[in-house]
Number of protein chains: 2
Amino acid sequence: MNSPVLPQPTPTAATGAGRGAGSRLLAARCTASDLLRWAGLASWIGPDSDAVTFALRRVAAHSTLVAEGQPLHSLFAVASGSFKCVQVDREGYEQVLGFGLHGDMLGLDALGEQRHPSSLVALEDSAVAVLPASQLLEAGHHVESLERLLLHAIGVELLHRGDTQYLMSAPGSEVRVARFLLHLAQRQQALGQSTRRLRLRMTRRDIASHLGVAHETVSRALTALAHAGCIAVSQRDIEIVDAAALTAMQRVTRGLPRGRHVDDERMRRPVQRAAA
Amino acid sequence: MNSPVLPQPTPTAATGAGRGAGSRLLAARCTASDLLRWAGLASWIGPDSDAVTFALRRVAAHSTLVAEGQPLHSLFAVASGSFKCVQVDREGYEQVLGFGLHGDMLGLDALGEQRHPSSLVALEDSAVAVLPASQLLEAGHHVESLERLLLHAIGVELLHRGDTQYLMSAPGSEVRVARFLLHLAQRQQALGQSTRRLRLRMTRRDIASHLGVAHETVSRALTALAHAGCIAVSQRDIEIVDAAALTAMQRVTRGLPRGRHVDDERMRRPVQRAAA
DNA sequence: CGAATCTTTGAACTGAGTCAATTAAAGTGG
DNA sequence: CCACTTTAATTGACTCAGTTCAAAGATTCG
């Protein structure tokens with residue numbers, strides 16, 4: 001059926017001592033060292049990093065890890081799989097605030113009011129490390145690497161939010177999608193995965209919500225970018241064919257303060273647009 | 001360099017007398033108690049809250065407190081005045097990520113890479129408390145209220161970013177502006193200031209950038225809202241005449257303005273079991 | 001296999017961006 | 001203090017990109 005675990009492209013010598021092939025997720029707990037490794041901060045691992053362990057929890061695809069409004073009990077770190085962070089308003093409109101990939105910390109926005117302002121939903125079968133809020137500060141005082149991890153995660157989260165605002169500030173849909181793809185590729189790169197091949201775990205609707213456009217527009221933008229030769233699209237598998245062109249496209253923003261469009265019809269309009 | 005004479009010799013602390021808000025007299029330093037008071041967290045003030053003090057620093061209108069890319073030296077708390085947080089991309093387009101009001105913590109997004117991803121620019125003559133990053137953690141371990149303050153500020157910042165994404169997700173410009181005004185009013189309320197009268201410290205351009213629209217559109221939306229009787233506009237002074245109408249307007253999101261399928265389509269089944 | 005969801009494509013309508021011109025305010029300097 | 005220069009704000013006209021409505025493929029899942 002569903003593949004339980006994706007094989008690691010980068011054979012980082014498993015956590016600890018690899019108990020059985022690919023069975024790391026079956027372990028009941030993980031250490032701060034694991035968290036650091038997932039976040040790409042292996043260099044911060046110190047002798048104290050194994051002093052604390054955290055429970056692992058499986059989350060089935062499409063199930064809700066935390067629901068909006070729920071009081072803060074713990075933070076989470078993505079051990080495997082992926083999540084979306086959403087808010088739904090009274091009208092039922094779903095706003096996707098972001099996506100959590102391997103190693104990302106989830107639930108940080110609950111630190112303000114001690115309750116979760118957004119829901120966390122698994123996009124696929126996933127697993128998270130559970131970091132009890134009460135235990136965190138206490139442990140952080142004794143395990144320095146853990147405290148640094150937390151602070152780092154906070155900064156990264158804020159960085160992503162900034163990126164998202166930048167995403168949404170783009171006036172053109174193709175630009176937004178291009179930025180989104182590049183942003184995703186960049187994050188995958190940080191995880192040591194391919195920069196060219198992207199496997200989108202979220203629906204077009206989720207992407208659309210995240211980008212602030214209609215889902216049809218995402219489709220159209222994707223096909224337009226493909227038609228322009230920037231990418232190749234096959235369902236949720238996307239290959240970045242011409243990263244340079246994509247980047248160039250991503251740079252087009254709203255009305256430059258001054259100066260003219262030096263950029264011109266580089267495949268300005270693939271649409272057949274009322275040719276009549 | 002250091003200002004030769006400080007007008008008001010309110011020596012150290014002055015926390016007992018000062019509510020911080022009133023005059024713009026500036027003590028050379030402030031305490032954690034002050035920070036908590038500014039943030040509306042006076043209830044957290046404990047005996048240890050005066051154990052640490054922080055330098056105050058004046059920032060002239062339009063001057064840059066921190067420039068994009070600058071390494072992280074300290075965080076800041078707004079003692080008086082206001083700031084905008086901006087990123088400018090290679091084309092020179094300025095993206096406003098947010099505004100910092102009295103009591104807000106500034107520079108948190110630098111915690112990720114130990115470098116400021118965005119600039120902080122004073123919108124008017126302002127002052128900030130300087131919280132050296134190195135000193136912060138250390139002090140936090142001993143002064144509990146300070147640590148809680150930091151965590152709270154982080155959560156609040158994340159909350160604001162979420163609000164901003166919600167802002168920008170609105171398809172209509174009037175909706176965005178309405179949400180922006182209500183958001184601002186809400187923050188002012190948290191500071192104990194008027195909910196009806198808003199004095200915008202930022203230009204229309206800044207607002208436009210923050211909302212992801214053209215600055216002309218902000219003007220138009222403002223006059224439209226005024227024409228609808230929701231608000232009254234006089235330059236940068238805005239009075240919220242009909243908060244209910246504004247709120248109603250703010251709720252209009254994409255796709256369900258009129259008519260048909262309002263309910264059935266969104267079959268919400270929010271909670272599914274997460275754990276195995 | 002069929003039901004439901006996801007995805008793509010089409011066509012028409014409209015709201016917001018761009019360009020442009022005018023007015024208002026604020027900062028500069030003699 | 002008052003010309004003068006700059007920057008901010010408002011308003012109008014026109015065009016187009018993206019939303020909306022609609023419907024047909026594709027994919028997943030029970």
# chains A, B, ... in the order shown; residues from 1 in each chain; ligands from 1

$ closest_atom_pairs --of "chain C" --to "chain A" --cutoff "9 Å" --atoms "only C-alpha atoms (C1' of nucleotides)" --output "Markdown table"
| residue | atom | partner | partner_atom | distance |
| --- | --- | --- | --- | --- |
| C:DC6 | C1' | A:Thr203 | CA | 7.4 |
| C:DT7 | C1' | A:Ser219 | CA | 7.4 |
| C:DT8 | C1' | A:Ser219 | CA | 6.8 |
| C:DT9 | C1' | A:Arg220 | CA | 8.6 |
| C:DA11 | C1' | A:Ala274 | CA | 8.8 |
| C:DG17 | C1' | A:Gly255 | CA | 8.5 |
| C:DT18 | C1' | A:Gly255 | CA | 7.9 |

$ interface_residues --of "chain D" --to "chain A" --cutoff "10 Å" --atoms "only C-alpha atoms (C1' of nucleotides)" --output "mmCIF file with N, CA and C atoms (P, O5', C5', C4', C3', O3' and C1' of nucleotides), in the first residue's frame"
data_model
loop_
_atom_site.group_PDB
_atom_site.id
_atom_site.type_symbol
_atom_site.label_atom_id
_atom_site.label_comp_id
_atom_site.auth_asym_id
_atom_site.auth_seq_id
_atom_site.Cartn_x
_atom_site.Cartn_y
_atom_site.Cartn_z
ATOM 1 P P DA D 17 -1.809 39.900 -19.147
ATOM 2 O "O5'" DA D 17 -1.608 39.284 -17.683
ATOM 3 C "C5'" DA D 17 -1.359 40.171 -16.596
ATOM 4 C "C4'" DA D 17 -2.143 39.737 -15.380
ATOM 5 C "C3'" DA D 17 -2.110 38.237 -15.124
ATOM 6 O "O3'" DA D 17 -2.056 38.019 -13.734
ATOM 7 C "C1'" DA D 17 -4.345 38.940 -15.438
ATOM 8 P P DG D 18 -1.842 36.600 -13.172
ATOM 9 O "O5'" DG D 18 -3.211 36.337 -12.395
ATOM 10 C "C5'" DG D 18 -3.653 37.322 -11.467
ATOM 11 C "C4'" DG D 18 -5.066 37.038 -11.059
ATOM 12 C "C3'" DG D 18 -5.331 35.589 -10.669
ATOM 13 O "O3'" DG D 18 -6.244 35.593 -9.607
ATOM 14 C "C1'" DG D 18 -6.768 36.196 -12.387
ATOM 15 P P DT D 19 -6.483 34.312 -8.738
ATOM 16 O "O5'" DT D 19 -8.063 34.354 -8.507
ATOM 17 C "C5'" DT D 19 -8.650 35.601 -8.135
ATOM 18 C "C4'" DT D 19 -10.106 35.646 -8.547
ATOM 19 C "C3'" DT D 19 -10.926 34.436 -8.085
ATOM 20 O "O3'" DT D 19 -12.084 34.880 -7.407
ATOM 21 C "C1'" DT D 19 -11.216 34.821 -10.404
ATOM 22 P P DT D 20 -12.943 33.839 -6.635
ATOM 23 O "O5'" DT D 20 -14.115 33.502 -7.669
ATOM 24 C "C5'" DT D 20 -14.811 34.571 -8.291
ATOM 25 C "C4'" DT D 20 -15.688 34.033 -9.401
ATOM 26 C "C3'" DT D 20 -16.422 32.729 -9.075
ATOM 27 O "O3'" DT D 20 -17.809 32.916 -9.286
ATOM 28 C "C1'" DT D 20 -15.370 32.602 -11.187
ATOM 29 P P DA D 26 -6.997 11.450 -19.501
ATOM 30 O "O5'" DA D 26 -6.604 11.496 -17.955
ATOM 31 C "C5'" DA D 26 -6.005 12.682 -17.433
ATOM 32 C "C4'" DA D 26 -5.704 12.463 -15.986
ATOM 33 C "C3'" DA D 26 -5.235 11.043 -15.641
ATOM 34 O "O3'" DA D 26 -4.057 11.158 -14.859
ATOM 35 C "C1'" DA D 26 -7.058 11.677 -14.259
ATOM 36 P P DT D 27 -3.217 9.893 -14.527
ATOM 37 O "O5'" DT D 27 -3.519 9.662 -12.986
ATOM 38 C "C5'" DT D 27 -3.588 10.811 -12.129
ATOM 39 C "C4'" DT D 27 -4.141 10.442 -10.780
ATOM 40 C "C3'" DT D 27 -3.767 9.045 -10.280
ATOM 41 O "O3'" DT D 27 -3.122 9.186 -9.026
ATOM 42 C "C1'" DT D 27 -6.089 9.474 -10.008
#

$ closest_atom_pairs --of "chain A" --to "chain B" --cutoff "8 Å" --atoms "only C-alpha atoms" --output "tab-separated table"
residue	atom	partner	partner_atom	distance
A:Arg57	CA	B:Ala275	CA	6.7
A:Arg58	CA	B:Ala275	CA	6.0
A:Val59	CA	B:Ala274	CA	5.2
A:Ala60	CA	B:Ala274	CA	6.3
A:Ser63	CA	B:Gln272	CA	5.3
A:Thr64	CA	B:Ala274	CA	5.7
A:Leu65	CA	B:Ala274	CA	5.6
A:Ala67	CA	B:Val271	CA	7.2
A:Glu91	CA	B:Arg251	CA	7.8
A:Gly92	CA	B:Arg266	CA	6.8
A:Tyr93	CA	B:Thr253	CA	7.3
A:Gln95	CA	B:Tyr166	CA	6.9
A:Leu97	CA	B:Gly162	CA	6.7
A:Leu108	CA	B:Gly155	CA	6.7
A:Asp109	CA	B:Gly155	CA	4.9
A:Ala110	CA	B:Gly155	CA	6.0
A:Leu111	CA	B:Gly155	CA	4.3
A:Gly112	CA	B:Gly155	CA	3.5
A:Glu113	CA	B:Gly155	CA	7.1
A:Pro117	CA	B:Leu159	CA	7.5
A:His141	CA	B:His141	CA	6.7
A:Leu151	CA	B:Leu111	CA	6.1
A:His152	CA	B:Gly112	CA	4.4
A:Ala153	CA	B:Gly112	CA	6.5
A:Ile154	CA	B:Gly112	CA	6.6
A:Gly155	CA	B:Gly112	CA	3.6
A:Val156	CA	B:Gly112	CA	4.7
A:Glu157	CA	B:Gly112	CA	8.0
A:Leu158	CA	B:Asp109	CA	5.2
A:Leu159	CA	B:Asp109	CA	6.0
A:Arg161	CA	B:Arg161	CA	6.5
A:Gly162	CA	B:Leu97	CA	6.6
A:Thr164	CA	B:Gln165	CA	7.9
A:Gln165	CA	B:Gln165	CA	6.7
A:Tyr166	CA	B:Gln95	CA	6.8
A:Met168	CA	B:Met168	CA	7.0
A:Ser169	CA	B:Gly212	CA	4.7
A:Ala170	CA	B:Gly212	CA	7.4
A:Pro171	CA	B:Gly212	CA	7.6
A:Ser209	CA	B:Ser169	CA	7.5
A:Leu211	CA	B:Ser169	CA	7.7
A:Gly212	CA	B:Ser169	CA	4.7
A:Val213	CA	B:Ser169	CA	7.8
A:Arg251	CA	B:Glu91	CA	7.6
A:Thr253	CA	B:Tyr93	CA	7.3
A:Arg254	CA	B:Tyr93	CA	7.7
A:Leu256	CA	B:Tyr93	CA	6.4
A:Pro257	CA	B:Tyr93	CA	6.8

$ write_last_selection --atoms "C-alpha atoms" --output "PDB file, in the first residue's frame"
ATOM      1  CA  ARG A  57       4.502   9.519  17.447  1.00  0.00           C
ATOM      2  CA  ARG A  58       3.076   8.288  14.202  1.00  0.00           C
ATOM      3  CA  VAL A  59       0.579  10.423  12.338  1.00  0.00           C
ATOM      4  CA  ALA A  60      -1.558   8.904   9.628  1.00  0.00           C
ATOM      5  CA  SER A  63      -5.024  13.212  10.169  1.00  0.00           C
ATOM      6  CA  THR A  64      -4.727  16.192  12.451  1.00  0.00           C
ATOM      7  CA  LEU A  65      -1.741  16.342  14.755  1.00  0.00           C
ATOM      8  CA  ALA A  67      -6.304  21.180  16.045  1.00  0.00           C
ATOM      9  CA  GLU A  91     -16.593  30.944   6.489  1.00  0.00           C
ATOM     10  CA  GLY A  92     -14.710  27.717   6.177  1.00  0.00           C
ATOM     11  CA  TYR A  93     -12.019  29.138   3.991  1.00  0.00           C
ATOM     12  CA  GLN A  95      -5.632  29.356   4.743  1.00  0.00           C
ATOM     13  CA  LEU A  97       0.278  29.122   6.478  1.00  0.00           C
ATOM     14  CA  LEU A 108       6.052  27.236  17.635  1.00  0.00           C
ATOM     15  CA  ASP A 109       3.303  29.783  17.060  1.00  0.00           C
ATOM     16  CA  ALA A 110       1.590  28.478  20.167  1.00  0.00           C
ATOM     17  CA  LEU A 111       4.244  30.016  22.385  1.00  0.00           C
ATOM     18  CA  GLY A 112       2.462  33.347  22.462  1.00  0.00           C
ATOM     19  CA  GLU A 113      -0.882  32.519  23.965  1.00  0.00           C
ATOM     20  CA  PRO A 117      -3.514  29.243  16.556  1.00  0.00           C
ATOM     21  CA  HIS A 141      18.836  24.855  30.715  1.00  0.00           C
ATOM     22  CA  LEU A 151      16.175  29.117  19.136  1.00  0.00           C
ATOM     23  CA  HIS A 152      17.404  28.111  15.726  1.00  0.00           C
ATOM     24  CA  ALA A 153      14.074  26.554  14.879  1.00  0.00           C
ATOM     25  CA  ILE A 154      12.330  29.737  15.903  1.00  0.00           C
ATOM     26  CA  GLY A 155      14.510  31.798  13.647  1.00  0.00           C
ATOM     27  CA  VAL A 156      14.058  29.430  10.749  1.00  0.00           C
ATOM     28  CA  GLU A 157      10.310  29.491  11.192  1.00  0.00           C
ATOM     29  CA  LEU A 158      10.348  33.268  11.116  1.00  0.00           C
ATOM     30  CA  LEU A 159      12.533  33.152   8.032  1.00  0.00           C
ATOM     31  CA  ARG A 161       7.191  33.221   7.194  1.00  0.00           C
ATOM     32  CA  GLY A 162       9.124  36.076   5.692  1.00  0.00           C
ATOM     33  CA  THR A 164       6.026  33.365   2.372  1.00  0.00           C
ATOM     34  CA  GLN A 165       5.170  37.022   2.557  1.00  0.00           C
ATOM     35  CA  TYR A 166       7.621  37.610  -0.221  1.00  0.00           C
ATOM     36  CA  MET A 168       2.541  36.365  -1.746  1.00  0.00           C
ATOM     37  CA  SER A 169       3.722  39.843  -2.535  1.00  0.00           C
ATOM     38  CA  ALA A 170       4.396  38.868  -6.114  1.00  0.00           C
ATOM     39  CA  PRO A 171       1.662  40.201  -8.334  1.00  0.00           C
ATOM     40  CA  SER A 209      -4.173  28.704  -0.554  1.00  0.00           C
ATOM     41  CA  LEU A 211       0.095  31.381  -2.446  1.00  0.00           C
ATOM     42  CA  GLY A 212      -3.123  33.320  -2.188  1.00  0.00           C
ATOM     43  CA  VAL A 213      -4.493  32.446  -5.607  1.00  0.00           C
ATOM     44  CA  ARG A 251      12.600  38.017  -9.875  1.00  0.00           C
ATOM     45  CA  THR A 253       8.039  41.786  -9.119  1.00  0.00           C
ATOM     46  CA  ARG A 254       5.477  44.463  -9.064  1.00  0.00           C
ATOM     47  CA  LEU A 256       9.666  48.520 -10.394  1.00  0.00           C
ATOM     48  CA  PRO A 257      10.076  51.806  -8.559  1.00  0.00           C
TER      49      PRO A 257
END

$ atom_distance --atom1 "atom CA of A:Arg199" --atom2 "atom CA of A:Ile238"
6.2 Å

$ closest_residue --among "B:Cys230, B:Val241, B:Leu120, B:Met202" --to "D:DA8" --atoms "only C-alpha atoms (C1' of nucleotides)"
B:Met202

$ atom_distance --atom1 "atom CA of B:Arg201" --atom2 "atom CA of B:Asp242"
21.8 Å

$ select_by_dssp --residues "stretch 79-275 of chain B" --states "strand (DSSP E)" --output "PyMOL selection string"
chain B and resi 79-80+83-88+94-100+105-106+119-122+126-132+197-199+231-234+237-240

$ write_last_selection --atoms "N, CA and C atoms" --output "mmCIF file, in the first residue's frame"
data_model
loop_
_atom_site.group_PDB
_atom_site.id
_atom_site.type_symbol
_atom_site.label_atom_id
_atom_site.label_comp_id
_atom_site.auth_asym_id
_atom_site.auth_seq_id
_atom_site.Cartn_x
_atom_site.Cartn_y
_atom_site.Cartn_z
ATOM 1 N N ALA B 79 10.630 50.861 22.866
ATOM 2 C CA ALA B 79 10.299 51.634 24.062
ATOM 3 C C ALA B 79 9.329 52.756 23.710
ATOM 4 N N SER B 80 9.540 53.354 22.556
ATOM 5 C CA SER B 80 8.629 54.398 22.085
ATOM 6 C C SER B 80 8.794 54.541 20.589
ATOM 7 N N PHE B 83 8.299 51.106 14.194
ATOM 8 C CA PHE B 83 9.256 50.654 13.186
ATOM 9 C C PHE B 83 8.554 49.881 12.087
ATOM 10 N N LYS B 84 9.237 49.808 10.967
ATOM 11 C CA LYS B 84 8.801 48.849 9.965
ATOM 12 C C LYS B 84 9.925 47.866 9.732
ATOM 13 N N CYS B 85 9.522 46.668 9.399
ATOM 14 C CA CYS B 85 10.455 45.592 9.134
ATOM 15 C C CYS B 85 10.394 45.314 7.641
ATOM 16 N N VAL B 86 11.494 45.534 6.928
ATOM 17 C CA VAL B 86 11.455 45.433 5.469
ATOM 18 C C VAL B 86 12.589 44.595 4.891
ATOM 19 N N GLN B 87 12.302 44.008 3.758
ATOM 20 C CA GLN B 87 13.290 43.319 2.947
ATOM 21 C C GLN B 87 13.264 43.977 1.584
ATOM 22 N N VAL B 88 14.416 44.218 1.019
ATOM 23 C CA VAL B 88 14.393 44.741 -0.347
ATOM 24 C C VAL B 88 15.159 43.780 -1.246
ATOM 25 N N GLU B 94 10.654 46.988 -2.324
ATOM 26 C CA GLU B 94 10.653 46.925 -0.878
ATOM 27 C C GLU B 94 9.448 46.136 -0.371
ATOM 28 N N GLN B 95 9.706 45.068 0.320
ATOM 29 C CA GLN B 95 8.620 44.290 0.891
ATOM 30 C C GLN B 95 8.547 44.545 2.387
ATOM 31 N N VAL B 96 7.443 45.085 2.836
ATOM 32 C CA VAL B 96 7.261 45.352 4.265
ATOM 33 C C VAL B 96 6.701 44.107 4.945
ATOM 34 N N LEU B 97 7.463 43.555 5.852
ATOM 35 C CA LEU B 97 7.040 42.323 6.514
ATOM 36 C C LEU B 97 6.148 42.603 7.710
ATOM 37 N N GLY B 98 6.303 43.757 8.312
ATOM 38 C CA GLY B 98 5.465 44.049 9.465
ATOM 39 C C GLY B 98 5.837 45.369 10.111
ATOM 40 N N PHE B 99 5.056 45.735 11.101
ATOM 41 C CA PHE B 99 5.309 46.973 11.822
ATOM 42 C C PHE B 99 5.498 46.673 13.305
ATOM 43 N N GLY B 100 6.422 47.364 13.917
ATOM 44 C CA GLY B 100 6.663 47.170 15.343
ATOM 45 C C GLY B 100 6.162 48.354 16.143
ATOM 46 N N MET B 105 8.853 43.162 20.278
ATOM 47 C CA MET B 105 10.242 42.740 20.185
ATOM 48 C C MET B 105 10.659 42.761 18.722
ATOM 49 N N LEU B 106 11.864 43.242 18.484
ATOM 50 C CA LEU B 106 12.346 43.379 17.108
ATOM 51 C C LEU B 106 13.587 42.521 16.890
ATOM 52 N N SER B 119 15.562 44.494 7.418
ATOM 53 C CA SER B 119 15.982 45.756 8.023
ATOM 54 C C SER B 119 14.898 46.258 8.965
ATOM 55 N N LEU B 120 15.320 47.054 9.922
ATOM 56 C CA LEU B 120 14.378 47.689 10.836
ATOM 57 C C LEU B 120 14.553 49.193 10.711
ATOM 58 N N VAL B 121 13.501 49.863 10.290
ATOM 59 C CA VAL B 121 13.569 51.292 10.049
ATOM 60 C C VAL B 121 12.548 52.009 10.926
ATOM 61 N N ALA B 122 12.992 53.058 11.595
ATOM 62 C CA ALA B 122 12.093 53.816 12.455
ATOM 63 C C ALA B 122 11.146 54.652 11.606
ATOM 64 N N SER B 126 12.158 57.416 17.675
ATOM 65 C CA SER B 126 11.801 56.279 18.522
ATOM 66 C C SER B 126 12.922 55.946 19.488
ATOM 67 N N ALA B 127 12.667 54.988 20.324
ATOM 68 C CA ALA B 127 13.692 54.491 21.233
ATOM 69 C C ALA B 127 13.480 53.007 21.457
ATOM 70 N N VAL B 128 14.574 52.290 21.606
ATOM 71 C CA VAL B 128 14.470 50.853 21.827
ATOM 72 C C VAL B 128 15.340 50.438 23.008
ATOM 73 N N ALA B 129 14.931 49.369 23.649
ATOM 74 C CA ALA B 129 15.783 48.732 24.640
ATOM 75 C C ALA B 129 16.665 47.740 23.901
ATOM 76 N N VAL B 130 17.917 47.717 24.246
ATOM 77 C CA VAL B 130 18.864 46.845 23.568
ATOM 78 C C VAL B 130 19.126 45.600 24.409
ATOM 79 N N LEU B 131 18.806 44.446 23.840
ATOM 80 C CA LEU B 131 18.997 43.191 24.572
ATOM 81 C C LEU B 131 20.088 42.376 23.900
ATOM 82 N N PRO B 132 21.288 42.461 24.404
ATOM 83 C CA PRO B 132 22.402 41.744 23.784
ATOM 84 C C PRO B 132 22.116 40.253 23.735
ATOM 85 N N ARG B 197 -9.700 55.598 17.156
ATOM 86 C CA ARG B 197 -8.820 56.541 16.465
ATOM 87 C C ARG B 197 -7.466 55.923 16.184
ATOM 88 N N LEU B 198 -7.115 55.888 14.949
ATOM 89 C CA LEU B 198 -5.819 55.342 14.570
ATOM 90 C C LEU B 198 -4.981 56.426 13.920
ATOM 91 N N ARG B 199 -3.753 56.489 14.328
ATOM 92 C CA ARG B 199 -2.841 57.366 13.624
ATOM 93 C C ARG B 199 -1.820 56.491 12.912
ATOM 94 N N ILE B 231 -15.380 54.108 7.939
ATOM 95 C CA ILE B 231 -14.307 54.867 8.561
ATOM 96 C C ILE B 231 -14.341 56.322 8.097
ATOM 97 N N ALA B 232 -13.564 57.134 8.779
ATOM 98 C CA ALA B 232 -13.350 58.500 8.336
ATOM 99 C C ALA B 232 -11.856 58.704 8.200
ATOM 100 N N VAL B 233 -11.469 59.268 7.086
ATOM 101 C CA VAL B 233 -10.047 59.405 6.793
ATOM 102 C C VAL B 233 -9.661 60.862 6.688
ATOM 103 N N SER B 234 -8.599 61.206 7.377
ATOM 104 C CA SER B 234 -8.016 62.530 7.222
ATOM 105 C C SER B 234 -6.514 62.370 7.259
ATOM 106 N N ASP B 237 -4.754 60.168 9.844
ATOM 107 C CA ASP B 237 -5.626 59.913 10.978
ATOM 108 C C ASP B 237 -6.876 59.213 10.480
ATOM 109 N N ILE B 238 -7.143 58.102 11.101
ATOM 110 C CA ILE B 238 -8.300 57.324 10.680
ATOM 111 C C ILE B 238 -9.191 57.046 11.884
ATOM 112 N N GLU B 239 -10.465 57.294 11.695
ATOM 113 C CA GLU B 239 -11.402 56.978 12.759
ATOM 114 C C GLU B 239 -12.306 55.843 12.297
ATOM 115 N N ILE B 240 -12.413 54.858 13.136
ATOM 116 C CA ILE B 240 -13.293 53.744 12.816
ATOM 117 C C ILE B 240 -14.701 54.100 13.273
#

$ select_by_dssp --residues "stretch 35-162 of chain A" --states "alpha helix (DSSP H)" --output "PyMOL selection string"
chain A and resi 35-38+133-142+144-162

$ atom_distance --atom1 "atom C1' of C:DG15" --atom2 "atom CA of B:Leu246"
19.9 Å
